[in-house]
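Asker: Provided herewith: model29.txt, compact mmCIF, C-alpha atoms.
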# COMPACT_ATOMS: atom_id res chain seq x y z
CA MET A 294 46.88 79.59 155.39
CA ASN A 295 43.25 79.43 156.59
CA GLY A 296 43.58 77.69 159.96
CA ASP A 297 42.27 74.28 158.86
CA PRO A 298 45.38 72.03 158.79
CA PHE A 299 43.94 69.56 156.26
CA ALA A 300 42.75 72.35 153.97
CA ASP A 301 46.14 74.03 154.34
CA LEU A 302 47.95 70.83 153.33
CA HIS A 303 45.69 70.44 150.29
CA GLN A 304 46.33 74.05 149.27
CA ALA A 305 50.08 73.56 149.68
CA ARG A 306 49.91 70.41 147.52
CA GLU A 307 48.05 72.24 144.72
CA HIS A 308 50.59 75.04 144.84
CA ILE A 309 53.53 72.64 144.59
CA LEU A 310 51.92 70.88 141.63
CA GLY A 311 51.39 74.25 139.93
CA ILE A 312 55.05 75.14 140.31
CA GLN A 313 56.06 71.70 139.05
CA ARG A 314 53.89 72.08 135.93
CA LEU A 315 55.21 75.59 135.21
CA MET A 316 58.82 74.43 135.50
CA ALA A 317 58.16 71.44 133.23
CA ASP A 318 56.54 73.67 130.60
CA MET A 319 59.45 76.11 130.75
CA ARG A 320 61.97 73.28 130.32
CA GLU A 321 60.11 72.21 127.20
CA GLN A 322 61.05 75.55 125.63
CA VAL A 323 64.80 74.92 125.99
CA PRO A 324 66.36 74.41 122.52
CA ARG A 325 67.56 70.84 122.21
CA GLU A 326 70.23 71.15 119.49
CA VAL A 327 72.54 74.14 119.51
CA THR A 328 76.13 74.68 118.42
CA GLY A 329 78.82 77.20 119.23
CA SER A 330 82.33 77.99 117.97
CA ASP A 331 85.39 79.75 119.28
CA PRO A 332 85.99 83.24 117.82
CA GLN A 333 88.52 81.90 115.31
CA GLY A 334 86.25 79.08 114.15
CA ALA A 335 88.75 76.33 114.92
CA VAL A 336 86.40 74.31 117.14
CA THR A 337 82.66 73.71 117.06
CA VAL A 338 80.72 72.21 119.97
CA ARG A 339 77.24 70.76 119.67
CA LEU A 340 75.33 70.54 122.96
CA ALA A 341 73.28 67.59 124.07
CA GLY A 342 70.02 68.01 125.94
CA ASP A 343 71.76 67.40 129.27
CA GLY A 344 74.03 70.44 128.89
CA LEU A 345 77.16 68.43 128.09
CA PRO A 346 78.88 68.49 124.69
CA GLU A 347 77.41 65.92 122.33
CA ARG A 348 80.18 66.41 119.80
CA VAL A 349 83.37 68.44 119.55
CA ALA A 350 84.66 69.01 116.02
CA PHE A 351 87.88 70.66 114.83
CA ALA A 352 87.95 72.51 111.53
CA THR A 353 90.08 70.87 108.84
CA ASP A 354 92.31 73.96 108.83
CA TRP A 355 92.41 74.34 112.62
CA GLN A 356 96.19 74.95 112.62
CA ARG A 357 95.69 78.10 110.55
CA ARG A 358 93.12 79.33 113.07
CA GLN A 359 94.59 78.30 116.43
CA ALA A 360 97.98 77.39 117.88
CA PRO A 361 98.28 73.90 119.42
CA ASP A 362 98.74 75.36 122.90
CA ALA A 363 95.47 77.31 122.55
CA LEU A 364 93.21 74.32 121.84
CA ASP A 365 92.17 73.94 125.48
CA ALA A 366 90.85 77.49 125.54
CA ALA A 367 89.28 77.11 122.08
CA VAL A 368 87.20 74.11 123.17
CA THR A 369 86.05 75.96 126.29
CA ALA A 370 85.19 79.07 124.26
CA ALA A 371 83.17 77.00 121.77
CA TYR A 372 81.29 75.34 124.63
CA GLU A 373 80.50 78.69 126.26
CA SER A 374 79.32 80.00 122.89
CA ALA A 375 76.91 77.06 122.59
CA LEU A 376 75.61 77.71 126.10
CA ARG A 377 74.94 81.35 125.22
CA GLU A 378 73.14 80.30 122.06
CA ARG A 379 70.94 77.92 124.05
CA LEU A 380 70.15 80.60 126.64
CA GLU A 381 69.31 83.17 123.98
CA GLY A 382 67.16 80.64 122.10
CA TRP A 383 65.34 79.75 125.30
CA SER A 384 64.70 83.41 125.99
CA ARG A 385 63.24 83.85 122.49
CA SER A 386 61.04 80.77 122.93
CA LEU A 387 59.70 81.97 126.27
CA GLU A 388 58.67 85.30 124.75
CA GLY A 389 55.80 83.51 123.04
CA THR A 390 54.47 81.96 126.26
CA ASP A 391 52.55 83.23 129.27
CA TRP A 392 55.05 81.95 131.85
CA GLU A 393 55.38 85.33 133.60
CA ARG A 394 51.62 85.66 134.05
CA ARG A 395 51.39 82.07 135.33
CA ALA A 396 54.26 82.69 137.76
CA GLU A 397 52.56 85.85 139.03
CA ARG A 398 49.30 83.95 139.58
CA LEU A 399 51.09 81.21 141.47
CA ASP A 400 52.86 83.79 143.60
CA ALA A 401 49.61 85.61 144.33
CA ALA A 402 47.86 82.36 145.28
CA SER A 403 50.76 81.01 147.33
CA PRO A 404 49.66 79.54 150.68
CA PHE A 405 53.12 80.33 152.07
CA THR A 406 52.80 84.12 151.91
CA ALA A 407 50.23 86.46 153.36
CA ALA A 408 47.66 87.94 150.99
CA ALA A 409 48.11 91.56 150.09
CA PRO A 410 45.67 94.08 151.58
CA GLY A 411 42.46 94.54 149.65
CA GLY A 412 42.30 91.00 148.33
CA ALA A 413 45.14 91.33 145.83
CA ALA A 414 45.45 87.56 145.64
CA GLU A 415 41.87 87.23 144.44
CA SER A 416 42.21 89.99 141.86
CA ALA A 417 45.13 88.19 140.25
CA GLY A 418 42.68 85.55 139.01
CA ALA A 419 42.26 81.89 139.84
CA PRO A 420 45.23 79.60 139.25
CA PRO A 421 45.06 77.49 136.08
CA GLU A 422 43.70 73.97 136.21
CA LEU A 423 46.50 71.67 137.37
CA PRO A 424 47.09 68.14 136.14
CA GLU A 425 46.78 65.49 138.83
CA LEU A 426 49.56 63.01 139.46
CA ASP A 427 48.45 59.42 138.97
CA LEU A 428 48.36 58.28 142.60
CA ARG A 429 45.94 55.41 142.17
CA HIS A 430 48.57 52.74 142.82
CA VAL A 431 50.52 54.65 145.46
CA LEU A 432 50.25 53.17 148.95
CA PRO A 433 52.05 55.68 151.13
CA ARG A 434 53.44 54.98 154.54
CA ARG A 435 53.25 57.35 157.49
CA LEU A 436 54.50 60.84 156.70
CA ASP A 437 57.35 60.60 159.21
CA GLU A 438 58.59 57.41 157.56
CA VAL A 439 58.55 59.00 154.10
CA ALA A 440 60.34 62.10 155.40
CA GLU A 441 62.97 59.99 157.15
CA GLU A 442 63.72 58.05 153.96
CA MET A 443 64.01 61.26 151.96
CA LEU A 444 66.55 62.59 154.44
CA SER A 445 68.46 59.32 154.45
CA LEU A 446 69.03 59.59 150.68
CA PHE A 447 71.25 62.59 151.17
CA ASP A 448 74.40 63.31 153.12
CA LEU A 449 73.14 66.30 155.09
CA ASP A 450 76.66 67.25 156.21
CA ALA A 451 77.72 67.49 152.58
CA ILE A 452 74.62 69.48 151.67
CA THR A 453 75.08 72.05 154.42
CA GLY A 454 78.87 72.12 154.43
CA PRO A 455 81.21 74.33 152.37
CA ALA A 456 81.80 71.55 149.83
CA ALA A 457 78.14 71.67 148.76
CA ALA A 458 78.86 74.48 146.28
CA GLU A 459 81.43 72.34 144.47
CA PRO A 460 79.87 69.74 142.16
CA GLU A 461 81.57 66.38 141.82
CA THR A 462 83.69 66.21 138.68
CA PHE A 463 84.72 63.30 136.48
CA THR A 464 87.63 63.20 134.03
CA GLY A 465 87.75 61.07 130.90
CA ARG A 466 90.75 60.48 128.69
CA SER A 467 91.42 59.45 125.12
CA ALA A 468 92.96 56.06 124.42
CA GLY A 469 96.46 57.51 124.30
CA GLY A 470 95.91 59.88 127.21
CA GLN A 471 96.83 63.01 125.24
CA VAL A 472 93.33 64.50 125.54
CA SER A 473 91.26 64.74 128.70
CA VAL A 474 87.81 66.14 129.38
CA THR A 475 86.45 66.98 132.84
CA VAL A 476 82.69 67.20 133.34
CA ALA A 477 80.20 67.71 136.14
CA GLN A 478 76.48 67.08 136.10
CA GLY A 479 75.16 69.25 133.25
CA SER A 480 78.39 71.05 132.36
CA LEU A 481 81.81 70.83 130.79
CA VAL A 482 84.38 71.89 133.40
CA SER A 483 87.59 71.83 131.37
CA CYS A 484 89.39 70.28 128.43
CA SER A 485 93.10 69.53 128.07
CA VAL A 486 94.89 68.77 124.80
CA ASP A 487 98.63 68.00 124.80
CA PRO A 488 99.98 70.69 122.46
CA ALA A 489 103.09 68.69 121.49
CA TRP A 490 100.92 65.75 120.47
CA ALA A 491 98.33 67.93 118.72
CA ASP A 492 100.88 69.81 116.60
CA GLY A 493 100.56 68.51 113.05
CA ARG A 494 97.63 66.20 113.81
CA SER A 495 94.68 66.15 111.44
CA ALA A 496 91.23 67.29 112.44
CA VAL A 497 90.05 63.69 112.06
CA ARG A 498 92.54 62.45 114.66
CA LEU A 499 91.76 65.30 117.06
CA ASN A 500 88.04 64.70 116.71
CA GLN A 501 88.55 61.01 117.44
CA ALA A 502 90.58 61.72 120.57
CA LEU A 503 88.02 64.27 121.83
CA ALA A 504 85.21 61.79 121.22
CA GLU A 505 87.06 59.10 123.20
CA ALA A 506 87.74 61.43 126.12
CA LEU A 507 84.18 62.77 126.14
CA ALA A 508 82.66 59.27 126.04
CA ASP A 509 84.93 58.18 128.90
CA ALA A 510 83.95 61.26 130.96
CA ARG A 511 80.26 60.62 130.33
CA ASP A 512 80.63 56.99 131.42
CA ARG A 513 82.37 58.03 134.63
CA LEU A 514 79.72 60.67 135.30
CA ALA A 515 76.92 58.14 134.79
CA ALA A 516 78.64 55.65 137.11
CA GLY A 517 79.05 58.35 139.75
CA ALA A 518 75.44 59.46 139.45
CA SER A 519 74.25 55.89 139.91
CA ARG A 520 75.74 55.90 143.41
CA GLY A 521 73.40 58.77 144.43
CA PRO A 522 69.62 58.78 144.82
CA SER A 523 67.96 57.51 141.65
CA ALA A 524 65.33 59.54 139.83
CA PRO A 525 62.70 56.77 140.10
CA GLN A 526 63.36 56.43 143.83
CA LEU A 527 62.93 60.15 144.42
CA ASP A 528 59.87 60.23 142.16
CA GLY A 529 58.28 57.44 144.19
CA LEU A 530 58.90 59.27 147.45
CA PHE A 531 57.49 62.47 145.96
CA LYS A 532 54.30 60.65 144.95
CA GLU A 533 54.01 59.16 148.42
CA ALA A 534 54.25 62.65 149.91
CA MET A 535 51.66 63.99 147.46
CA ALA A 536 49.28 61.14 148.29
CA ILE A 537 49.58 61.93 151.98
CA LEU A 538 48.93 65.62 151.36
CA ALA A 539 45.90 64.71 149.22
CA ASP A 540 44.28 62.90 152.15
CA PRO A 541 46.30 63.59 155.32
CA ALA A 542 43.57 62.28 157.67
CA ARG A 543 44.21 58.72 156.49
CA PHE A 544 47.85 58.82 157.47
CA ALA A 545 47.73 60.76 160.71
CA ASP A 546 48.81 59.13 163.97
Taking this structure as input, can you express it in the form of structure tokens?
Answerer:
Amino acid sequence: MNGDPFADLHQAREHILGIQRLMADMREQVPREVTGSDPQGAVTVRLAGDGLPERVAFATDWQRRQAPDALDAAVTAAYESALRERLEGWSRSLEGTDWERRAERLDAASPFTAAAPGGAAESAGAPPELPELDLRHVLPRRLDEVAEEMLSLFDLDAITGPAAAEPETFTGRSAGGQVSVTVAQGSLVSCSVDPAWADGRSAVRLNQALAEALADARDRLAAGASRGPSAPQLDGLFKEAMAILADPARFAD
């Protein structure tokens, strides 16, 4: 920080935008369509872009590969295999980018840390040109009002309490109730298949039941997410804050 509060706020804004752009570019490198299977090849899971299974498929000869009471674990293993494949694919994609150099430049130019002796921040090179948010139609309120609304969107006791580490889960079931799938935001938590019901069932019937349970879980997750802060609402508040930081003198007391 250089001692000028308005200049400091502008520098902080540019730094935040730089981090935002870097994170967006890195997310673009995440493989969208990946699949994984359990070691025996009885179950294959295809991931959706949101990290949840898009489709769970049983092999036609699943009974030769897995026992009915092992299907729960097989689905979980296939899902974990797909996650590993996505992570490894992302790592390979990032190897062809300059994300590490960009991150180092952002770190060196950070207004929140002291510069290293000898002007190390300057030697790291100037930060890349950053895209500007379109703030032309943003009419921000006072900064304290925007901050108060941001805080009101969240249950601070839940955020700071011990339950914060536990994501909210939602369980969906097949039409007959023999298959259930539990999900959280961005992840499959567990899968349960009644082994007595599954024994002797075809792959087609199992696939149908898994699809029903997964669709039900996704619907419940979406309904639960709609009760929290919406993405457009948070995006609007973020733009208000950025507009204030762009010209803080206009919104000072």
Asker: Which is closer to A:Arg511 than all the others in A:Ala317, A:Leu345, A:Leu310, A:Ala489, using only C-alpha atoms?
Answerer: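 That would be A:Leu345, the residue with the smallest distance to A:Arg511.
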Asker: To one decimal in Å, tell me the separation between atom CA of A:Thr328 and atom CA of A:Arg314.
Answerer: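 Pair atom CA of A:Thr328 / atom CA of A:Arg314 returns 28.4 Å.
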Asker: Show which residues sit within 9 Å of A:Asp343, as an MDAnalysis selection string. Count all atoms listed in the file, and ignore same-chain residues fewer than 5 positions away.
Answerer: chainID A and resid 325 478:480
Asker: Next, the residues of the selection above should be written as a PDB file, in the coordinates of the input with C-alpha atoms.
Answerer:
ATOM      1  CA  ARG A 325      67.560  70.840 122.210  1.00  0.00           C
ATOM      2  CA  GLN A 478      76.480  67.080 136.100  1.00  0.00           C
ATOM      3  CA  GLY A 479      75.160  69.250 133.250  1.00  0.00           C
ATOM      4  CA  SER A 480      78.390  71.050 132.360  1.00  0.00           C
TER       5      SER A 480
END
Asker: Identify the residues around (77.8, 71.7, 122.1) within a radius of 12 Å, measuring from all atoms listed in the file in the coordinates stated by the file, and give them as a short mmCIF file (atom, residue, chain, number, x, y, z; two decimals) with C-alpha atoms, keeping the file's coordinate frame.
Answerer:
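New file part_19.cif:
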data_model
loop_
_atom_site.label_atom_id
_atom_site.label_comp_id
_atom_site.auth_asym_id
_atom_site.auth_seq_id
_atom_site.Cartn_x
_atom_site.Cartn_y
_atom_site.Cartn_z
CA PRO A 324 66.36 74.41 122.52
CA ARG A 325 67.56 70.84 122.21
CA GLU A 326 70.23 71.15 119.49
CA VAL A 327 72.54 74.14 119.51
CA THR A 328 76.13 74.68 118.42
CA GLY A 329 78.82 77.20 119.23
CA SER A 330 82.33 77.99 117.97
CA ASP A 331 85.39 79.75 119.28
CA VAL A 336 86.40 74.31 117.14
CA THR A 337 82.66 73.71 117.06
CA VAL A 338 80.72 72.21 119.97
CA ARG A 339 77.24 70.76 119.67
CA LEU A 340 75.33 70.54 122.96
CA ALA A 341 73.28 67.59 124.07
CA GLY A 342 70.02 68.01 125.94
CA ASP A 343 71.76 67.40 129.27
CA GLY A 344 74.03 70.44 128.89
CA LEU A 345 77.16 68.43 128.09
CA PRO A 346 78.88 68.49 124.69
CA GLU A 347 77.41 65.92 122.33
CA ARG A 348 80.18 66.41 119.80
CA VAL A 349 83.37 68.44 119.55
CA ALA A 350 84.66 69.01 116.02
CA VAL A 368 87.20 74.11 123.17
CA THR A 369 86.05 75.96 126.29
CA ALA A 370 85.19 79.07 124.26
CA ALA A 371 83.17 77.00 121.77
CA TYR A 372 81.29 75.34 124.63
CA GLU A 373 80.50 78.69 126.26
CA SER A 374 79.32 80.00 122.89
CA ALA A 375 76.91 77.06 122.59
CA LEU A 376 75.61 77.71 126.10
CA ARG A 377 74.94 81.35 125.22
CA GLU A 378 73.14 80.30 122.06
CA ARG A 379 70.94 77.92 124.05
CA GLY A 479 75.16 69.25 133.25
CA SER A 480 78.39 71.05 132.36
CA LEU A 481 81.81 70.83 130.79
CA LEU A 507 84.18 62.77 126.14
#
Asker: Extract, using all atoms listed in the file, all DNA, RNA and protein residues at most 8 Å from A:Asp509, discarding same-chain residues fewer than 4 positions from it, and format them as a list in words.
Answerer: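 Using all atoms listed in the file, the neighbours found are Thr464, Gly465, Arg466, Ser467, Glu505 and Arg513 of chain A.
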Asker: One decimal, in Å: what's the spacing between atom CA of A:Glu381 and atom CA of A:Phe463?
Answerer: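 Going from atom CA of A:Glu381 over to atom CA of A:Phe463 covers 28.1 Å.
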